[in-house]
Amino acid sequence: MTDLIPALRAPSADAGTGQVRTGTPVSRVDGRAKVTGQAQYAAEYPATDLAYGVVVSSPAAKGRIVSLDTSAAMAVPGVIDVLTHANRPKIRSFDIAWKDMTAPAGSPFKPLHTDRIMYSGEPLALVVAETFEAARYAASLVTFEIAEEPHETALMSHLDRAYKPKPLKAGYEPPPDEKGDTDAAYDAAPVKIDAQFYSGVEHHNPMELFASTVIRDEDGHLTIYDKTQSSQNSRWYVSHAFGLSKDKVTVRNPYVGGAFGSGLRPQYQLTLAVMGALHLKRSVRVVLTRQQMFTFGHRPETVQRVKLAAEQDGTLRAIWHQAIAETSPIEDYVEVVVNWSGLLYKCDNIKLDYKLVKLDQYTPIDMRAPGAAHGVHALEVAMDELAYELKMDPLALRLKNYAERAPVEDKPFSSKALRECYELGAKKFGWDQRPLEPRSRKEGTEWIGWGMATGVWDAMQMFARASAVLHADGKLVVSSAATDIGTGTYTVMGMIAAEAMGMPLEDVTFQLGDSTLPVAPIEGGSSHVATVGSAVAGVCEKLQKTLFKHAKKVAGSPFEDAKFKDVEFVAGMLRLKRSPATGMALTAILNDAGMVRLEEKYLMLPNMLKQRKYRRLTHSAVFVEVRVDEETGTVRVTRVTSAIAAGRIMNTKTATSQIVGGVVWGISQALHEESYTDHRLGRFMNHNFSEYHVPVNADIHALDVIFAEEDDRIVSRLGAKGVGEIGLVGVSAAVSNAIWHATGRRLRSTPMTPDKVL
Ligand code: MOS
């Protein structure tokens with residue numbers, strides 16, 4: 001088999017895997033490569049002349065570099081150079097406007113650009129040495145004299161400066177204009193809730209450290225192994241920032257050890273590694289430390305207020321949702337925080353408002369379910385408060401206000417099995433056994449509570465290209481510059497192609513993670529299956545038709561009078577549906593046509609005219625049991641049932657893993673994660689895994705995942721939506737509501753640590 005980029009090591013399924021169908025549980029084709037160390041990550045690629053770069057981070061949050069001294073660092077044996085703003089190569093394009101594909105409105109950060117310091121932890125120098133150890137030691141010897149200026153990092157002290165961002169970021173829709181008269185409806189309604197919420201900063205913390213290995217060929221071509229959610233975004237960025245033509249740069253990311261949004265934008269280790277390679281004319285690798293991974297974007301600190309009003313029977317009369325979040329001095333990072341409140345419940349009066357405050361921080365960046373993680377939390381806790389005010393079951397309140405059409409824009413949904421999620425989830429969890437009153441069940445020192453919440457996320461489809469090559473030996477190679485951040489892209493794309501061509505999975509290789517492959521979007525927004533999967537289905541259909549055409553021309557062809565709809569592709573054969581014994585091997589068709597390979601290419605463009613008529617979403621219903629120790633305030637989440645409606649599920653095993661991962665993160669958001677800033681220093685203080693808490697196995701108990709049936713041919717030709725983010729949304733609200741049910745304490749800030757619970 002040829003046409004594989006050797007450096008990619010694209011995995012394929014184990015021999016004997018056989019025929020697969022989408023919609024079934026299939027183990028990852030990359031699983032073996034990952035657990036045996038065959039899978040190489042960005043920091044692991046060798047190069048003969050490799051130099052090692054270590055970043056020196058700013059100790060000050062704001063100010064100007066007055067002077068710097070690199071002499072002690074330069075004196076360390078093995079040190080090659082120390083790059084700073086003062087001596088970095090002057091690159092014209094570096095000084096003019098350039099962006100990455102996912103940049104928000106504003107002017108992107110450029111490392112080592114000037115003497116200005118914008119945030120604590122900002123990269124101020126790159127020490128390059130023959131060994132990593134020499135570079136790391138020398139980095140500790142670089143000294144700066146900094147004229148510090150007062151900084152502002154406390155959101156809560158600057159809420160009065162909040163302003164409305166412009167809707168410039170691709171994909172960002174500003175909250176719609178008000179529907180109805182929310183203030184009047186609120187005032188007139190008999191039952192009301194008015195609640196404020198606070199969510200602290202969170203950081204992504206994927207297992208793999210951010211790294212770029214820039215391998216420079218003798219002709220100056222750069223092959224870059226980068227930790228990114230899009231090889232083509234990094235390639236585009238490097239070309240623009242350094243004024244290099246497209247064919248001078250190849251970016252690869254065949255394996256990515258988690259990213260969760262932190263790899264949606266090129267990070268500064270890429271810029272610095274390329275700068276070093278161009279300056280020194282040799283290969284350079286830069287790996288960030290775990291602490292430095294707290295210096296390039298985070299889920300923003302957000303404060304929210306939700307007002308709800310209802311009739312005594314639970315009919316919602318008014319929804320008012322406001323959010324204020326932080327952004328950097330240079331960019332307007334916007335999230336869809338409040339818009340969800342205009343999508344979930346039927347209501348005639350809805351007002352949404354979203355504002356930003358600029359702080360002396362780096363620009364926040366999307367983190368799994370950006371916006372929804374905070375916004376749906378606030379709405380769903382407020383709904384629980386309203387249910388209690390009404391003396392109504394929280395699930396009954398949601399069903400009472402179930403939206404059959406998207407409320408603000410009054411559009412139909414492309415599909416919506418949320419009602420089924422409520423029913424399936426409640427039944428599995430045993431929700432009907434829940435006492436209405438809080439603080440009514442106790443075992444030993446633990447109060448037991450049950451809570452629920454709704455989740456919602458977008459069902460997006462971008463555009464993508466794919467190619468497919470069938471080889472004379474019967475192997476199929478399908479390619480697209482997609483990414484697998486641990487989500488199962490290799491496996492699901494292989495399954496789609498194998499099913500379409502009627503081939504065993506082991507004979508199909510899906511190739512991704514190389515900027516020279518056919519165009520694919522960034523792996524983000526839970527859109528990869530609906531997008532790249534549809535491109536794969538499209539290119540396979542073209543391949544089928546071409547094979548059929550050739551088969552008809554074979555002398556004495558059994559397909560001579562057949563139409564395309566009369567044939568099927570099964571077990572490596574083209575067969576007549578009505579007479580399965582009549583068929584030709586795909587390899588025989590190629591052979592007869594005198595071909596050693598047959599290639600097709602396909603461009604998948606979403607049908608936007610049709611899609612625009614519908615609101616396209618995924619939904620979930622999350623049910624949670626907590627046990628709260630009355631002496632220590634510790635919360636154990638002992639049971640979670642998550643019922644998901646996300647279109648056709650392509651691989652029930654990897655999709656379940658996605659949801660389980662999302663639920664674990666939701667528990668983490670609820671109970672553990674927060675990056676604490678010391679505002680005197682303007683710096684995140686718990687920037688390591690011992691103090692930034694994430695759940696361990698002992699924190700996670702029974703998790704149930706159920707998929708409600710949905711098949712959405714408006715979102716994608718496969719019927720699939722996406723499962724990357726929906727698993728997280730609503731979980732923290734359900735945990736909060738369960739804590740209230742256990743203890744009678746209403747917590748309105750995350751994480752809900754024992755000090756708040758007690
Ligand atoms: Mo996700 S936050 O779209 O990588």
# chains A, B, ... in the order shown; residues from 1 in each chain; ligands from 1
call {"tool": "residues_near_ligand", "arguments": {"ligand": "ligand 1", "cutoff": "12 Å", "atoms": "only C-alpha atoms and all ligand atoms", "output": "PDB file with N, CA and C atoms, in the first residue's frame"}}
result
ATOM      1  N   THR A 102      -8.516  31.269  14.105  1.00  0.00           N
ATOM      2  CA  THR A 102      -9.493  31.311  15.191  1.00  0.00           C
ATOM      3  C   THR A 102      -9.308  32.529  16.086  1.00  0.00           C
ATOM      4  N   GLY A 171     -18.233  32.678  13.869  1.00  0.00           N
ATOM      5  CA  GLY A 171     -19.056  31.732  14.618  1.00  0.00           C
ATOM      6  C   GLY A 171     -19.724  32.332  15.832  1.00  0.00           C
ATOM      7  N   HIS A 203      -8.186  26.210  33.811  1.00  0.00           N
ATOM      8  CA  HIS A 203      -7.200  25.932  32.761  1.00  0.00           C
ATOM      9  C   HIS A 203      -7.367  24.520  32.218  1.00  0.00           C
ATOM     10  N   HIS A 204      -6.969  24.333  30.959  1.00  0.00           N
ATOM     11  CA  HIS A 204      -7.259  23.077  30.242  1.00  0.00           C
ATOM     12  C   HIS A 204      -6.490  21.872  30.781  1.00  0.00           C
ATOM     13  N   PRO A 206      -4.331  19.617  29.447  1.00  0.00           N
ATOM     14  CA  PRO A 206      -4.241  18.324  28.767  1.00  0.00           C
ATOM     15  C   PRO A 206      -2.986  17.599  29.231  1.00  0.00           C
ATOM     16  N   THR A 228      -1.389  20.879  18.234  1.00  0.00           N
ATOM     17  CA  THR A 228      -2.419  21.803  17.776  1.00  0.00           C
ATOM     18  C   THR A 228      -3.680  21.022  17.426  1.00  0.00           C
ATOM     19  N   GLN A 229      -4.809  21.723  17.393  1.00  0.00           N
ATOM     20  CA  GLN A 229      -6.057  21.109  16.959  1.00  0.00           C
ATOM     21  C   GLN A 229      -6.265  21.280  15.449  1.00  0.00           C
ATOM     22  N   SER A 230      -5.273  21.875  14.765  1.00  0.00           N
ATOM     23  CA  SER A 230      -5.338  21.973  13.310  1.00  0.00           C
ATOM     24  C   SER A 230      -3.959  22.213  12.721  1.00  0.00           C
ATOM     25  N   VAL A 256      -2.351  13.803  19.225  1.00  0.00           N
ATOM     26  CA  VAL A 256      -2.450  14.940  20.133  1.00  0.00           C
ATOM     27  C   VAL A 256      -2.957  14.409  21.470  1.00  0.00           C
ATOM     28  N   GLY A 258      -4.666  15.229  24.047  1.00  0.00           N
ATOM     29  CA  GLY A 258      -5.652  16.094  24.682  1.00  0.00           C
ATOM     30  C   GLY A 258      -5.369  17.551  24.354  1.00  0.00           C
ATOM     31  N   ALA A 259      -6.418  18.354  24.355  1.00  0.00           N
ATOM     32  CA  ALA A 259      -6.249  19.783  24.055  1.00  0.00           C
ATOM     33  C   ALA A 259      -7.431  20.569  24.636  1.00  0.00           C
ATOM     34  N   PHE A 260      -8.660  20.101  24.366  1.00  0.00           N
ATOM     35  CA  PHE A 260      -9.873  20.667  24.969  1.00  0.00           C
ATOM     36  C   PHE A 260     -10.098  22.124  24.601  1.00  0.00           C
ATOM     37  N   GLY A 261      -9.490  22.569  23.510  1.00  0.00           N
ATOM     38  CA  GLY A 261      -9.645  23.966  23.089  1.00  0.00           C
ATOM     39  C   GLY A 261      -8.343  24.736  23.185  1.00  0.00           C
ATOM     40  N   SER A 262      -7.416  24.277  24.043  1.00  0.00           N
ATOM     41  CA  SER A 262      -6.164  25.024  24.208  1.00  0.00           C
ATOM     42  C   SER A 262      -5.312  24.964  22.946  1.00  0.00           C
ATOM     43  N   GLY A 263      -5.605  24.023  22.054  1.00  0.00           N
ATOM     44  CA  GLY A 263      -4.866  23.930  20.799  1.00  0.00           C
ATOM     45  C   GLY A 263      -5.625  24.520  19.622  1.00  0.00           C
ATOM     46  N   LEU A 264      -6.680  25.284  19.888  1.00  0.00           N
ATOM     47  CA  LEU A 264      -7.432  25.885  18.785  1.00  0.00           C
ATOM     48  C   LEU A 264      -6.648  27.026  18.148  1.00  0.00           C
ATOM     49  N   ARG A 265      -5.816  27.688  18.944  1.00  0.00           N
ATOM     50  CA  ARG A 265      -4.960  28.753  18.398  1.00  0.00           C
ATOM     51  C   ARG A 265      -3.507  28.289  18.506  1.00  0.00           C
ATOM     52  N   GLY A 297      -3.907  31.221  27.942  1.00  0.00           N
ATOM     53  CA  GLY A 297      -5.341  31.123  27.700  1.00  0.00           C
ATOM     54  C   GLY A 297      -6.027  30.239  28.714  1.00  0.00           C
ATOM     55  N   HIS A 298      -7.253  30.590  29.023  1.00  0.00           N
ATOM     56  CA  HIS A 298      -7.987  29.923  30.090  1.00  0.00           C
ATOM     57  C   HIS A 298      -9.475  30.160  29.883  1.00  0.00           C
ATOM     58  N   ARG A 299     -10.290  29.379  30.601  1.00  0.00           N
ATOM     59  CA  ARG A 299     -11.726  29.678  30.617  1.00  0.00           C
ATOM     60  C   ARG A 299     -11.899  30.913  31.493  1.00  0.00           C
ATOM     61  N   GLU A 335     -17.540  34.617  24.330  1.00  0.00           N
ATOM     62  CA  GLU A 335     -18.122  33.279  24.431  1.00  0.00           C
ATOM     63  C   GLU A 335     -19.626  33.410  24.350  1.00  0.00           C
ATOM     64  N   VAL A 336     -20.255  32.369  23.871  1.00  0.00           N
ATOM     65  CA  VAL A 336     -21.711  32.361  23.887  1.00  0.00           C
ATOM     66  C   VAL A 336     -22.142  31.862  25.264  1.00  0.00           C
ATOM     67  N   PRO A 364      -8.317  34.997  27.070  1.00  0.00           N
ATOM     68  CA  PRO A 364      -8.888  33.665  27.324  1.00  0.00           C
ATOM     69  C   PRO A 364      -9.037  32.883  26.016  1.00  0.00           C
ATOM     70  N   ILE A 365      -9.220  31.594  26.119  1.00  0.00           N
ATOM     71  CA  ILE A 365      -9.360  30.755  24.923  1.00  0.00           C
ATOM     72  C   ILE A 365     -10.449  29.713  25.184  1.00  0.00           C
ATOM     73  N   ASP A 366     -11.078  29.261  24.109  1.00  0.00           N
ATOM     74  CA  ASP A 366     -12.147  28.272  24.250  1.00  0.00           C
ATOM     75  C   ASP A 366     -11.689  27.077  25.072  1.00  0.00           C
ATOM     76  N   MET A 367     -12.532  26.665  25.968  1.00  0.00           N
ATOM     77  CA  MET A 367     -12.287  25.445  26.735  1.00  0.00           C
ATOM     78  C   MET A 367     -13.583  24.647  26.692  1.00  0.00           C
ATOM     79  N   ARG A 368     -13.449  23.380  26.440  1.00  0.00           N
ATOM     80  CA  ARG A 368     -14.580  22.459  26.243  1.00  0.00           C
ATOM     81  C   ARG A 368     -15.942  23.068  26.628  1.00  0.00           C
ATOM     82  N   ALA A 369     -16.839  23.117  25.649  1.00  0.00           N
ATOM     83  CA  ALA A 369     -18.158  23.750  25.797  1.00  0.00           C
ATOM     84  C   ALA A 369     -18.041  25.205  26.247  1.00  0.00           C
ATOM     85  N   PRO A 370     -17.205  25.994  25.549  1.00  0.00           N
ATOM     86  CA  PRO A 370     -17.012  27.389  25.957  1.00  0.00           C
ATOM     87  C   PRO A 370     -18.343  28.148  25.992  1.00  0.00           C
ATOM     88  N   GLY A 371     -18.549  28.918  27.034  1.00  0.00           N
ATOM     89  CA  GLY A 371     -19.790  29.674  27.169  1.00  0.00           C
ATOM     90  C   GLY A 371     -20.896  28.855  27.803  1.00  0.00           C
ATOM     91  N   ALA A 372     -21.185  27.683  27.235  1.00  0.00           N
ATOM     92  CA  ALA A 372     -22.256  26.838  27.781  1.00  0.00           C
ATOM     93  C   ALA A 372     -21.890  26.319  29.163  1.00  0.00           C
ATOM     94  N   ALA A 373     -20.609  26.025  29.368  1.00  0.00           N
ATOM     95  CA  ALA A 373     -20.181  25.481  30.665  1.00  0.00           C
ATOM     96  C   ALA A 373     -20.590  26.434  31.791  1.00  0.00           C
ATOM     97  N   TRP A 457     -25.902  22.140  23.366  1.00  0.00           N
ATOM     98  CA  TRP A 457     -24.723  22.579  22.610  1.00  0.00           C
ATOM     99  C   TRP A 457     -25.095  22.641  21.136  1.00  0.00           C
ATOM    100  N   ASP A 458     -24.254  23.317  20.363  1.00  0.00           N
ATOM    101  CA  ASP A 458     -24.486  23.461  18.930  1.00  0.00           C
ATOM    102  C   ASP A 458     -24.216  22.162  18.175  1.00  0.00           C
ATOM    103  N   ALA A 459     -24.942  21.982  17.079  1.00  0.00           N
ATOM    104  CA  ALA A 459     -24.642  20.889  16.134  1.00  0.00           C
ATOM    105  C   ALA A 459     -24.165  21.551  14.847  1.00  0.00           C
ATOM    106  N   MET A 460     -22.859  21.751  14.757  1.00  0.00           N
ATOM    107  CA  MET A 460     -22.287  22.524  13.645  1.00  0.00           C
ATOM    108  C   MET A 460     -21.756  21.622  12.546  1.00  0.00           C
ATOM    109  N   THR A 483      -7.975  16.238  12.640  1.00  0.00           N
ATOM    110  CA  THR A 483      -7.177  16.048  13.846  1.00  0.00           C
ATOM    111  C   THR A 483      -7.881  15.038  14.740  1.00  0.00           C
ATOM    112  N   ASP A 484      -7.092  14.262  15.468  1.00  0.00           N
ATOM    113  CA  ASP A 484      -7.648  13.373  16.486  1.00  0.00           C
ATOM    114  C   ASP A 484      -7.016  13.770  17.817  1.00  0.00           C
ATOM    115  N   ILE A 485      -7.761  14.557  18.611  1.00  0.00           N
ATOM    116  CA  ILE A 485      -7.197  15.010  19.889  1.00  0.00           C
ATOM    117  C   ILE A 485      -7.473  13.990  20.991  1.00  0.00           C
ATOM    118  N   GLY A 486      -7.715  12.758  20.569  1.00  0.00           N
ATOM    119  CA  GLY A 486      -8.031  11.716  21.541  1.00  0.00           C
ATOM    120  C   GLY A 486      -9.497  11.362  21.486  1.00  0.00           C
ATOM    121  N   THR A 487     -10.189  11.909  20.507  1.00  0.00           N
ATOM    122  CA  THR A 487     -11.637  11.808  20.437  1.00  0.00           C
ATOM    123  C   THR A 487     -12.129  10.601  19.644  1.00  0.00           C
ATOM    124  N   PRO A 521     -11.379  21.424   8.658  1.00  0.00           N
ATOM    125  CA  PRO A 521     -11.445  22.491   9.651  1.00  0.00           C
ATOM    126  C   PRO A 521     -10.684  22.108  10.920  1.00  0.00           C
ATOM    127  N   ILE A 522     -10.559  23.075  11.784  1.00  0.00           N
ATOM    128  CA  ILE A 522      -9.978  22.855  13.105  1.00  0.00           C
ATOM    129  C   ILE A 522     -10.865  21.863  13.850  1.00  0.00           C
ATOM    130  N   GLU A 523     -10.254  20.961  14.621  1.00  0.00           N
ATOM    131  CA  GLU A 523     -11.078  20.051  15.414  1.00  0.00           C
ATOM    132  C   GLU A 523     -11.594  20.808  16.614  1.00  0.00           C
ATOM    133  N   GLY A 524     -12.812  21.294  16.502  1.00  0.00           N
ATOM    134  CA  GLY A 524     -13.397  22.078  17.587  1.00  0.00           C
ATOM    135  C   GLY A 524     -14.891  22.194  17.398  1.00  0.00           C
ATOM    136  N   GLY A 525     -15.552  22.590  18.468  1.00  0.00           N
ATOM    137  CA  GLY A 525     -16.989  22.834  18.401  1.00  0.00           C
ATOM    138  C   GLY A 525     -17.818  21.575  18.193  1.00  0.00           C
ATOM    139  N   SER A 526     -17.248  20.409  18.444  1.00  0.00           N
ATOM    140  CA  SER A 526     -17.961  19.130  18.267  1.00  0.00           C
ATOM    141  C   SER A 526     -18.447  18.956  16.838  1.00  0.00           C
ATOM    142  N   SER A 527     -17.669  19.406  15.867  1.00  0.00           N
ATOM    143  CA  SER A 527     -18.149  19.416  14.480  1.00  0.00           C
ATOM    144  C   SER A 527     -17.427  18.440  13.560  1.00  0.00           C
ATOM    145  N   HIS A 528     -16.433  17.722  14.078  1.00  0.00           N
ATOM    146  CA  HIS A 528     -15.567  16.952  13.178  1.00  0.00           C
ATOM    147  C   HIS A 528     -16.288  15.785  12.506  1.00  0.00           C
ATOM    148  N   GLY A 662     -16.672  14.032  29.428  1.00  0.00           N
ATOM    149  CA  GLY A 662     -17.363  15.297  29.675  1.00  0.00           C
ATOM    150  C   GLY A 662     -17.992  15.337  31.058  1.00  0.00           C
ATOM    151  N   GLY A 722     -22.667  15.725  16.983  1.00  0.00           N
ATOM    152  CA  GLY A 722     -21.324  15.656  17.556  1.00  0.00           C
ATOM    153  C   GLY A 722     -21.437  15.472  19.052  1.00  0.00           C
ATOM    154  N   VAL A 723     -20.429  14.841  19.656  1.00  0.00           N
ATOM    155  CA  VAL A 723     -20.518  14.511  21.082  1.00  0.00           C
ATOM    156  C   VAL A 723     -19.357  15.071  21.910  1.00  0.00           C
ATOM    157  N   GLY A 724     -18.550  15.937  21.330  1.00  0.00           N
ATOM    158  CA  GLY A 724     -17.345  16.397  22.031  1.00  0.00           C
ATOM    159  C   GLY A 724     -17.602  17.237  23.265  1.00  0.00           C
ATOM    160  N   GLU A 725     -18.635  18.058  23.244  1.00  0.00           N
ATOM    161  CA  GLU A 725     -18.815  19.007  24.340  1.00  0.00           C
ATOM    162  C   GLU A 725     -20.094  18.784  25.153  1.00  0.00           C
ATOM    163  N   ILE A 726     -21.127  18.194  24.523  1.00  0.00           N
ATOM    164  CA  ILE A 726     -22.421  18.114  25.200  1.00  0.00           C
ATOM    165  C   ILE A 726     -22.338  17.349  26.526  1.00  0.00           C
ATOM    166  N   LEU A 728     -20.338  17.572  28.888  1.00  0.00           N
ATOM    167  CA  LEU A 728     -19.950  18.441  30.003  1.00  0.00           C
ATOM    168  C   LEU A 728     -21.085  19.361  30.450  1.00  0.00           C
TER     169      LEU A 728
END
call {"tool": "residues_around", "arguments": {"residues": "Ala581 in chain A", "least_positions_apart": "6", "cutoff": "12 Å", "atoms": "only C-alpha atoms", "output": "list in words"}}
result
Pro558, Val567, Glu568, Val570, Ala571, Met573, Leu574 and Arg575 of chain A
call {"tool": "write_last_selection", "arguments": {"atoms": "C-alpha atoms", "output": "tab-separated table (two decimals), in the first residue's frame"}}
result
chain	number	residue	atom	x	y	z
A	558	PRO	CA	-23.06	-8.98	-14.70
A	567	VAL	CA	-25.72	-2.71	-6.43
A	568	GLU	CA	-24.08	-2.90	-3.03
A	570	VAL	CA	-20.05	-5.91	0.69
A	571	ALA	CA	-17.04	-8.01	1.76
A	573	MET	CA	-17.08	-7.04	-3.55
A	574	LEU	CA	-19.43	-5.13	-5.76
A	575	ARG	CA	-22.65	-7.17	-5.82
call {"tool": "residues_around", "arguments": {"residues": "Val508 in chain A", "least_positions_apart": "3", "cutoff": "6 Å", "atoms": "only C-alpha atoms", "output": "PyMOL selection string"}}
result
chain A and resi 476-477+505
call {"tool": "write_last_selection", "arguments": {"atoms": "C-alpha atoms", "output": "PDB file, in the first residue's frame"}}
result
ATOM      1  CA  LEU A 476      -8.086   1.860   0.932  1.00  0.00           C
ATOM      2  CA  VAL A 477      -6.415   5.084   2.109  1.00  0.00           C
ATOM      3  CA  LEU A 505     -11.805  -2.055   8.854  1.00  0.00           C
TER       4      LEU A 505
END
call {"tool": "select_by_dssp", "arguments": {"residues": "range 129-328 of chain A", "states": "alpha helix (DSSP H)", "output": "count of residues only"}}
result
40
call {"tool": "closest_residue", "arguments": {"among": "A:Thr656, A:Gln196, A:Gln40, A:Thr289", "to": "Arg305 in chain A", "atoms": "only C-alpha atoms"}}
result
A:Gln196
call {"tool": "residues_around", "arguments": {"residues": "Trp740 in chain A", "least_positions_apart": "5", "cutoff": "9 Å", "atoms": "only C-alpha atoms", "output": "list in words"}}
result
Pro438, Arg439, Gly449, Trp450, Gly451, Val735, Arg745, Arg746 and Leu747 of chain A
call {"tool": "write_last_selection", "arguments": {"atoms": "N, CA and C atoms", "output": "CSV table (one decimal), in the first residue's frame"}}
result
chain,number,residue,atom,x,y,z
A,438,PRO,N,-35.8,19.4,50.3
A,438,PRO,CA,-34.4,19.2,50.5
A,438,PRO,C,-34.1,18.7,52.0
A,439,ARG,N,-32.9,18.3,52.2
A,439,ARG,CA,-32.4,17.8,53.5
A,439,ARG,C,-33.4,16.8,54.1
A,449,GLY,N,-28.6,13.8,48.3
A,449,GLY,CA,-29.4,14.7,47.4
A,449,GLY,C,-29.4,14.3,46.0
A,450,TRP,N,-30.5,14.5,45.3
A,450,TRP,CA,-30.6,14.3,43.9
A,450,TRP,C,-30.9,15.6,43.2
A,451,GLY,N,-30.2,15.8,42.1
A,451,GLY,CA,-30.4,17.0,41.3
A,451,GLY,C,-30.4,16.7,39.8
A,735,VAL,N,-25.0,18.9,39.7
A,735,VAL,CA,-24.3,18.7,41.0
A,735,VAL,C,-24.7,19.7,42.0
A,745,ARG,N,-28.6,23.9,51.1
A,745,ARG,CA,-27.7,25.1,50.8
A,745,ARG,C,-27.6,25.3,49.3
A,746,ARG,N,-27.9,26.6,48.9
A,746,ARG,CA,-27.9,26.9,47.5
A,746,ARG,C,-26.5,27.6,47.2
A,747,LEU,N,-25.7,26.9,46.4
A,747,LEU,CA,-24.4,27.5,46.1
A,747,LEU,C,-24.4,28.1,44.7
call {"tool": "residues_around", "arguments": {"residues": "Ala39 in chain A", "least_positions_apart": "5", "cutoff": "12 Å", "atoms": "only C-alpha atoms", "output": "compact mmCIF listing (two decimals) with C-alpha atoms, in the first residue's frame"}}
result
# COMPACT_ATOMS: atom_id res chain seq x y z
CA ALA A 7 6.04 10.15 9.04
CA LEU A 8 2.38 10.05 9.99
CA ARG A 9 2.27 6.42 11.10
CA ALA A 10 -1.47 6.49 10.44
CA PRO A 11 -2.88 3.61 12.48
CA VAL A 29 -7.64 1.81 15.74
CA ASP A 30 -4.98 4.00 17.38
CA GLY A 31 -5.35 2.36 20.78
CA ARG A 32 -2.46 -0.07 20.37
CA ALA A 33 -0.11 2.64 19.04
CA LYS A 34 -0.92 4.82 22.01
CA GLU A 44 9.18 13.27 20.48
CA TYR A 45 10.33 13.67 16.88
CA ASN A 253 0.00 16.60 14.37
CA PRO A 254 -0.78 12.90 13.87
CA TYR A 255 -1.29 12.37 17.62
CA VAL A 256 -2.45 14.94 20.13
CA GLY A 257 -2.54 14.11 23.83
CA GLY A 486 -8.03 11.72 21.54
